[in-house]
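Structure file coords_12.pdb with PDB, C-alpha atoms:
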ATOM      1  CA  MET A   1      38.866 -21.824 -52.432
ATOM      2  CA  ALA A   2      39.256 -21.110 -48.705
ATOM      3  CA  ASN A   3      36.207 -18.852 -48.762
ATOM      4  CA  SER A   4      34.130 -21.636 -50.344
ATOM      5  CA  THR A   5      35.198 -24.072 -47.617
ATOM      6  CA  LYS A   6      34.317 -21.510 -44.941
ATOM      7  CA  THR A   7      30.866 -21.000 -46.498
ATOM      8  CA  GLN A   8      30.228 -24.764 -46.599
ATOM      9  CA  CYS A   9      31.333 -25.088 -42.977
ATOM     10  CA  CYS A  10      28.921 -22.349 -41.869
ATOM     11  CA  ALA A  11      26.093 -23.931 -43.886
ATOM     12  CA  VAL A  12      26.634 -27.259 -42.097
ATOM     13  CA  LYS A  13      26.736 -25.539 -38.700
ATOM     14  CA  THR A  14      23.452 -23.689 -39.306
ATOM     15  CA  LYS A  15      21.832 -26.926 -40.480
ATOM     16  CA  LEU A  16      23.230 -29.078 -37.664
ATOM     17  CA  LEU A  17      21.050 -27.934 -34.747
ATOM     18  CA  PRO A  18      17.687 -28.385 -36.520
ATOM     19  CA  THR A  19      18.942 -31.687 -37.921
ATOM     20  CA  LEU A  20      19.841 -32.959 -34.464
ATOM     21  CA  GLY A  21      16.380 -31.878 -33.270
ATOM     22  CA  VAL A  22      14.683 -33.846 -36.047
ATOM     23  CA  GLY A  23      16.925 -36.838 -35.319
ATOM     24  CA  LEU A  24      16.041 -36.684 -31.631
ATOM     25  CA  ALA A  25      12.314 -36.493 -32.449
ATOM     26  CA  SER A  26      12.654 -39.432 -34.835
ATOM     27  CA  GLY A  27      14.404 -41.504 -32.185
ATOM     28  CA  LEU A  28      11.884 -40.634 -29.484
ATOM     29  CA  LEU A  29       8.940 -41.481 -31.735
ATOM     30  CA  THR A  30      10.531 -44.839 -32.509
ATOM     31  CA  LEU A  31      10.437 -45.705 -28.810
ATOM     32  CA  ILE A  32       6.641 -45.949 -29.115
ATOM     33  CA  ASP A  33       5.701 -49.519 -30.025
ATOM     34  CA  PRO A  34       2.789 -49.517 -32.503
ATOM     35  CA  ALA A  35       2.076 -53.167 -31.620
ATOM     36  CA  LYS A  36       1.021 -52.010 -28.134
ATOM     37  CA  MET A  37      -1.494 -49.533 -29.590
ATOM     38  CA  ARG A  38      -5.110 -50.462 -30.072
ATOM     39  CA  SER A  39      -6.072 -51.385 -33.598
ATOM     40  CA  SER A  40      -8.343 -48.337 -33.803
ATOM     41  CA  THR A  41      -5.435 -46.054 -32.884
ATOM     42  CA  ARG A  42      -3.251 -47.498 -35.643
ATOM     43  CA  THR A  43      -6.097 -47.168 -38.143
ATOM     44  CA  THR A  44      -6.690 -43.566 -37.055
ATOM     45  CA  LEU A  45      -2.998 -42.770 -37.557
ATOM     46  CA  CYS A  46      -3.116 -44.283 -41.060
ATOM     47  CA  ILE A  47      -6.238 -42.293 -41.953
ATOM     48  CA  ALA A  48      -4.765 -39.090 -40.505
ATOM     49  CA  THR A  49      -1.588 -39.521 -42.545
ATOM     50  CA  GLY A  50      -3.563 -40.099 -45.734
ATOM     51  CA  THR A  51      -5.766 -37.095 -45.000
ATOM     52  CA  LEU A  52      -2.819 -34.785 -44.302
ATOM     53  CA  VAL A  53      -1.028 -35.901 -47.461
ATOM     54  CA  GLY A  54      -4.202 -35.442 -49.503
ATOM     55  CA  GLY A  55      -4.868 -32.016 -48.025
ATOM     56  CA  SER A  56      -1.320 -30.917 -48.737
ATOM     57  CA  ILE A  57      -1.612 -32.041 -52.354
ATOM     58  CA  TRP A  58      -5.047 -30.464 -52.864
ATOM     59  CA  PHE A  59      -4.120 -27.083 -51.414
ATOM     60  CA  GLY A  60      -0.597 -27.178 -52.846
ATOM     61  CA  THR A  61      -1.812 -27.751 -56.399
ATOM     62  CA  GLY A  62      -4.411 -25.022 -55.894
ATOM     63  CA  GLN A  63      -1.587 -22.475 -55.729
ATOM     64  CA  ASP A  64      -0.136 -23.471 -59.101
ATOM     65  CA  PRO A  65      -1.761 -21.602 -62.012
ATOM     66  CA  ASP A  66      -1.233 -24.618 -64.311
ATOM     67  CA  THR A  67      -3.243 -26.993 -62.112
ATOM     68  CA  LYS A  68      -5.516 -24.594 -60.219
ATOM     69  CA  HIS A  69      -8.511 -25.045 -62.543
ATOM     70  CA  ASN A  70      -7.864 -28.677 -63.530
ATOM     71  CA  ILE A  71     -10.112 -30.290 -60.917
ATOM     72  CA  LYS A  72      -9.811 -33.794 -62.424
ATOM     73  CA  LEU A  73      -6.008 -33.725 -62.177
ATOM     74  CA  ARG A  74      -6.046 -32.285 -58.660
ATOM     75  CA  SER A  75      -8.673 -34.796 -57.498
ATOM     76  CA  GLY A  76      -6.806 -37.725 -59.007
ATOM     77  CA  MET A  77      -3.477 -36.667 -57.515
ATOM     78  CA  THR A  78      -5.118 -36.074 -54.130
ATOM     79  CA  LEU A  79      -6.864 -39.446 -54.107
ATOM     80  CA  LEU A  80      -3.824 -41.371 -55.298
ATOM     81  CA  LEU A  81      -1.370 -39.768 -52.884
ATOM     82  CA  SER A  82      -3.832 -39.977 -49.969
ATOM     83  CA  ALA A  83      -4.096 -43.715 -50.564
ATOM     84  CA  LEU A  84      -0.320 -43.909 -50.818
ATOM     85  CA  GLY A  85       0.046 -42.071 -47.485
ATOM     86  CA  TYR A  86      -2.434 -44.437 -45.834
ATOM     87  CA  ALA A  87      -0.783 -47.547 -47.279
ATOM     88  CA  SER A  88       2.763 -46.458 -46.483
ATOM     89  CA  THR A  89       1.840 -45.821 -42.845
ATOM     90  CA  LYS A  90       0.180 -49.234 -42.613
ATOM     91  CA  MET A  91       3.226 -50.910 -44.201
ATOM     92  CA  GLY A  92       5.481 -48.927 -41.859
ATOM     93  CA  PHE A  93       3.692 -50.449 -38.871
ATOM     94  CA  ALA A  94       4.143 -53.943 -40.358
ATOM     95  CA  LEU A  95       7.841 -53.311 -41.045
ATOM     96  CA  ASP A  96       8.302 -51.964 -37.519
ATOM     97  CA  ALA A  97       6.811 -55.169 -36.100
ATOM     98  CA  LYS A  98       9.079 -57.354 -38.270
ATOM     99  CA  ILE A  99      12.198 -55.447 -37.197
ATOM    100  CA  HIS A 100      11.129 -55.644 -33.551
ATOM    101  CA  GLN A 101      10.481 -59.396 -33.754
ATOM    102  CA  GLY A 102      13.764 -59.981 -35.604
ATOM    103  CA  LEU A 103      15.758 -58.187 -32.913
ATOM    104  CA  VAL A 104      13.990 -60.125 -30.134
ATOM    105  CA  LYS A 105      14.784 -63.420 -31.927
ATOM    106  CA  ARG A 106      18.455 -62.384 -32.021
ATOM    107  CA  GLY A 107      18.490 -61.943 -28.248
ATOM    108  CA  ILE A 108      18.217 -58.149 -27.992
ATOM    109  CA  THR A 109      16.459 -57.535 -24.682
ATOM    110  CA  ASN A 110      15.324 -53.964 -25.442
ATOM    111  CA  PRO A 111      14.859 -53.681 -29.220
ATOM    112  CA  ARG A 112      12.990 -50.342 -29.119
ATOM    113  CA  THR A 113      16.063 -48.564 -27.761
ATOM    114  CA  LEU A 114      18.266 -49.974 -30.510
ATOM    115  CA  MET A 115      15.644 -49.091 -33.117
ATOM    116  CA  ALA A 116      15.396 -45.535 -31.727
ATOM    117  CA  VAL A 117      19.157 -45.004 -31.901
ATOM    118  CA  GLY A 118      19.211 -46.397 -35.430
ATOM    119  CA  ALA A 119      16.321 -44.176 -36.529
ATOM    120  CA  ALA A 120      18.000 -41.086 -35.072
ATOM    121  CA  ILE A 121      21.320 -41.870 -36.792
ATOM    122  CA  LEU A 122      19.624 -42.551 -40.133
ATOM    123  CA  THR A 123      17.576 -39.352 -39.889
ATOM    124  CA  VAL A 124      20.564 -37.152 -39.038
ATOM    125  CA  GLY A 125      22.682 -38.840 -41.715
ATOM    126  CA  SER A 126      20.077 -38.365 -44.424
ATOM    127  CA  TYR A 127      19.612 -34.695 -43.528
ATOM    128  CA  LEU A 128      23.350 -34.022 -43.505
ATOM    129  CA  LEU A 129      23.921 -35.867 -46.797
ATOM    130  CA  GLU A 130      21.273 -33.775 -48.539
ATOM    131  CA  PRO A 131      23.038 -31.347 -50.894
ATOM    132  CA  GLN A 132      23.155 -27.717 -49.861
ATOM    133  CA  SER A 133      21.199 -25.300 -52.024
ATOM    134  CA  THR A 134      23.428 -22.528 -53.363
ATOM    135  CA  GLU A 135      20.599 -20.645 -55.069
ATOM    136  CA  GLU A 136      18.760 -17.757 -53.520
ATOM    137  CA  PRO A 137      15.024 -18.392 -53.193
ATOM    138  CA  ALA A 138      13.031 -16.825 -56.010
ATOM    139  CA  VAL A 139      11.066 -13.742 -55.014
ATOM    140  CA  ALA A 140       7.935 -13.026 -56.991
ATOM    141  CA  LEU A 141       7.451  -9.337 -57.732
ATOM    142  CA  LYS A 142       4.164  -8.080 -59.077
ATOM    143  CA  GLU A 143       4.118  -5.323 -61.666
ATOM    144  CA  PRO A 144       1.768  -2.438 -60.840
ATOM    145  CA  THR A 145      -0.866  -1.579 -63.447
ATOM    146  CA  GLU A 146      -1.633   1.956 -64.619
ATOM    147  CA  SER A 147      -4.001   2.411 -61.679
ATOM    148  CA  GLY A 148      -1.195   1.516 -59.272
ATOM    149  CA  THR A 149      -2.644  -1.821 -58.144
ATOM    150  CA  PRO A 150      -0.553  -4.983 -58.634
ATOM    151  CA  SER A 151      -1.399  -7.056 -61.661
ATOM    152  CA  SER A 152      -1.863 -10.808 -61.643
ATOM    153  CA  GLU A 153       1.221 -11.333 -63.787
ATOM    154  CA  THR A 154       4.311 -12.429 -61.869
ATOM    155  CA  ILE A 155       7.916 -11.590 -62.675
ATOM    156  CA  VAL A 156      10.632 -13.830 -61.318
TER     157      VAL A 156
END
What does this structure look like when you write it as C-alpha cells?
Amino acid sequence: MANSTKTQCCAVKTKLLPTLGVGLASGLLTLIDPAKMRSSTRTTLCIATGTLVGGSIWFGTGQDPDTKHNIKLRSGMTLLLSALGYASTKMGFALDAKIHQGLVKRGITNPRTLMAVGAAILTVGSYLLEPQSTEEPAVALKEPTESGTPSSETIV
C-alpha cells in the first residue's frame, strides 16, 4: 500500500513540470486578443488548424494496416476532421470575444489577464486530473524470416 502511494507521488512529480509548462503556455497564448488581429490572420489560423488536423489524420491512418489501403475512409475522415478543426477554431475566436465582452461589461478593467489565469488553471487542472497510465507501452517486435530479414508480421 505504501509503495503504491510512493509510486503515485513520483508519477505526479514527473508529470508536474511539463504540465506547468503547458499551463504557462496556455495562459500566455490567452493574453493575445484575437479581436485585435486582422481578419486575414484569424482566417489563416483557422485554415492552418484544419490543415494540421487533416494532415495528422491522413498520415496517422496511413500507419494503421486496417485503414492504410482504404482511401475513401481516410479521405472522408481527413475531410471531416479538417472541417471540424477549422470550425472549432472559428468558434473558439467567437467564444473568446463573448467572454472578453462579458468581463468588460462586469467592470473588469483587464479581462485578458483574468482569462489567461483561468486558462492556465484549467489547463493544469485537466492535465493533473487525467488518469495515470499503469501499463507499459507496447513494443512491436518483428520476427526474422529464414533469410534473417524481419518479416512484415508484428508480434506484440
Exercise for the section: Would you mind listing what lies within 12 Å of A:Met37 as a PyMOL selection string, with only C-alpha atoms counted and same-chain residues fewer than 6 positions away left out? Expected result: chain A and resi 43-45+93+97
Written selection (C-alpha atoms) as an mmCIF file, in the frame of the given file:
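Listing of selection_14.cif after writing:
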data_model
loop_
_atom_site.group_PDB
_atom_site.id
_atom_site.type_symbol
_atom_site.label_atom_id
_atom_site.label_comp_id
_atom_site.auth_asym_id
_atom_site.auth_seq_id
_atom_site.Cartn_x
_atom_site.Cartn_y
_atom_site.Cartn_z
ATOM 1 C CA THR A 43 -6.097 -47.168 -38.143
ATOM 2 C CA THR A 44 -6.690 -43.566 -37.055
ATOM 3 C CA LEU A 45 -2.998 -42.770 -37.557
ATOM 4 C CA PHE A 93 3.692 -50.449 -38.871
ATOM 5 C CA ALA A 97 6.811 -55.169 -36.100
#
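For A:Thr51, the set of protein, DNA and RNA residues having any atom at most 9 Å away, when counting all atoms listed in the file and skipping those fewer than 3 positions along the same chain, is Cys46, Ile47, Ala48, Gly54, Gly55, Ser56, Ser82, Ala83, Gly85 and Tyr86 of chain A.
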Exercise for the section: Run the PyMOL selection byres ((chain A and resi 20-30) around 8) mentally over the shown coordinates, then write out the matched residues as a PyMOL selection string, using the chain letters and numbers from the document. Expected result: chain A and resi 16-19+31-33+112+115-124
Centre, x/y/z edge lengths, axis-aligned box for stretch 57-70 of chain A with 8 Å per side, as JSON:
{"center_x": -4.3, "center_y": -26.8, "center_z": -57.9, "size_x": 24.4, "size_y": 26.4, "size_z": 28.9}
Fill in the blank from the handout: Separating atom CA of A:Lys98 from atom CA of A:Pro34, to the nearest tenth of an Å, is a gap of 11.6 Å
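Between atom CA of A:Met91 and atom CA of A:Thr61 the separation is 26.7 Å.
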Problem - Within-12 Å shell of (-3.0, -36.3, -54.7) in input frame, only C-alpha atoms, as JSON, numbers by chain - result: {"A": [50, 51, 52, 53, 54, 55, 56, 57, 58, 59, 60, 61, 62, 67, 71, 72, 73, 74, 75, 76, 77, 78, 79, 80, 81, 82, 83, 84, 85]}
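The gap separating atom CA of A:Lys36 from atom CA of A:Lys90 is 14.8 Å, in Å to one decimal.
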Is there a way to complete stretch 52-85 of chain A with N, CA and C atoms and then write that out as a compact mmCIF listing (two decimals), in the frame of the given file?
# COMPACT_ATOMS: atom_id res chain seq x y z
N LEU A 52 -3.78 -35.90 -44.27
CA LEU A 52 -2.82 -34.78 -44.30
C LEU A 52 -2.08 -34.72 -45.63
N VAL A 53 -1.70 -35.87 -46.16
CA VAL A 53 -1.03 -35.90 -47.46
C VAL A 53 -1.98 -35.38 -48.53
N GLY A 54 -3.21 -35.88 -48.51
CA GLY A 54 -4.20 -35.44 -49.50
C GLY A 54 -4.49 -33.95 -49.41
N GLY A 55 -4.63 -33.45 -48.20
CA GLY A 55 -4.87 -32.02 -48.02
C GLY A 55 -3.71 -31.18 -48.52
N SER A 56 -2.51 -31.64 -48.26
CA SER A 56 -1.32 -30.92 -48.74
C SER A 56 -1.28 -30.87 -50.26
N ILE A 57 -1.61 -31.99 -50.89
CA ILE A 57 -1.61 -32.04 -52.35
C ILE A 57 -2.72 -31.15 -52.91
N TRP A 58 -3.92 -31.24 -52.36
CA TRP A 58 -5.05 -30.46 -52.86
C TRP A 58 -4.76 -28.97 -52.76
N PHE A 59 -4.35 -28.51 -51.59
CA PHE A 59 -4.12 -27.08 -51.41
C PHE A 59 -2.83 -26.63 -52.09
N GLY A 60 -1.84 -27.51 -52.16
CA GLY A 60 -0.60 -27.18 -52.85
C GLY A 60 -0.78 -27.01 -54.34
N THR A 61 -1.58 -27.89 -54.96
CA THR A 61 -1.81 -27.75 -56.40
C THR A 61 -2.78 -26.61 -56.70
N GLY A 62 -3.52 -26.16 -55.71
CA GLY A 62 -4.41 -25.02 -55.89
C GLY A 62 -3.66 -23.71 -56.03
N GLN A 63 -2.40 -23.68 -55.62
CA GLN A 63 -1.59 -22.48 -55.73
C GLN A 63 -0.92 -22.34 -57.10
N ASP A 64 -0.81 -23.46 -57.80
CA ASP A 64 -0.14 -23.47 -59.10
C ASP A 64 -1.12 -23.07 -60.20
N PRO A 65 -0.82 -22.03 -60.97
CA PRO A 65 -1.76 -21.60 -62.01
C PRO A 65 -2.01 -22.66 -63.08
N ASP A 66 -1.05 -23.57 -63.30
CA ASP A 66 -1.23 -24.62 -64.31
C ASP A 66 -2.25 -25.68 -63.89
N THR A 67 -2.35 -25.94 -62.58
CA THR A 67 -3.24 -26.99 -62.11
C THR A 67 -4.45 -26.46 -61.33
N LYS A 68 -4.48 -25.17 -61.07
CA LYS A 68 -5.52 -24.59 -60.22
C LYS A 68 -6.93 -24.91 -60.71
N HIS A 69 -7.17 -24.85 -62.01
CA HIS A 69 -8.51 -25.04 -62.54
C HIS A 69 -8.73 -26.45 -63.11
N ASN A 70 -7.73 -27.31 -63.03
CA ASN A 70 -7.86 -28.68 -63.53
C ASN A 70 -8.28 -29.57 -62.36
N ILE A 71 -9.58 -29.58 -62.08
CA ILE A 71 -10.11 -30.29 -60.92
C ILE A 71 -9.90 -31.80 -61.04
N LYS A 72 -10.01 -32.34 -62.25
CA LYS A 72 -9.81 -33.79 -62.42
C LYS A 72 -8.39 -34.19 -62.04
N LEU A 73 -7.41 -33.43 -62.50
CA LEU A 73 -6.01 -33.72 -62.18
C LEU A 73 -5.76 -33.59 -60.68
N ARG A 74 -6.24 -32.50 -60.09
CA ARG A 74 -6.05 -32.28 -58.66
C ARG A 74 -6.73 -33.37 -57.84
N SER A 75 -7.95 -33.75 -58.23
CA SER A 75 -8.67 -34.80 -57.50
C SER A 75 -7.97 -36.14 -57.61
N GLY A 76 -7.51 -36.46 -58.81
CA GLY A 76 -6.81 -37.72 -59.01
C GLY A 76 -5.51 -37.79 -58.22
N MET A 77 -4.73 -36.70 -58.27
CA MET A 77 -3.48 -36.67 -57.52
C MET A 77 -3.75 -36.77 -56.01
N THR A 78 -4.77 -36.06 -55.55
CA THR A 78 -5.12 -36.07 -54.13
C THR A 78 -5.53 -37.47 -53.68
N LEU A 79 -6.39 -38.10 -54.46
CA LEU A 79 -6.86 -39.45 -54.11
C LEU A 79 -5.73 -40.45 -54.12
N LEU A 80 -4.93 -40.42 -55.17
CA LEU A 80 -3.82 -41.37 -55.30
C LEU A 80 -2.80 -41.20 -54.17
N LEU A 81 -2.40 -39.98 -53.90
CA LEU A 81 -1.37 -39.77 -52.88
C LEU A 81 -1.92 -39.92 -51.46
N SER A 82 -3.22 -39.69 -51.27
CA SER A 82 -3.83 -39.98 -49.97
C SER A 82 -3.79 -41.48 -49.69
N ALA A 83 -4.15 -42.26 -50.71
CA ALA A 83 -4.10 -43.72 -50.56
C ALA A 83 -2.67 -44.18 -50.32
N LEU A 84 -1.72 -43.56 -51.01
CA LEU A 84 -0.32 -43.91 -50.82
C LEU A 84 0.14 -43.57 -49.40
N GLY A 85 -0.28 -42.44 -48.86
CA GLY A 85 0.05 -42.07 -47.48
C GLY A 85 -0.53 -43.05 -46.48
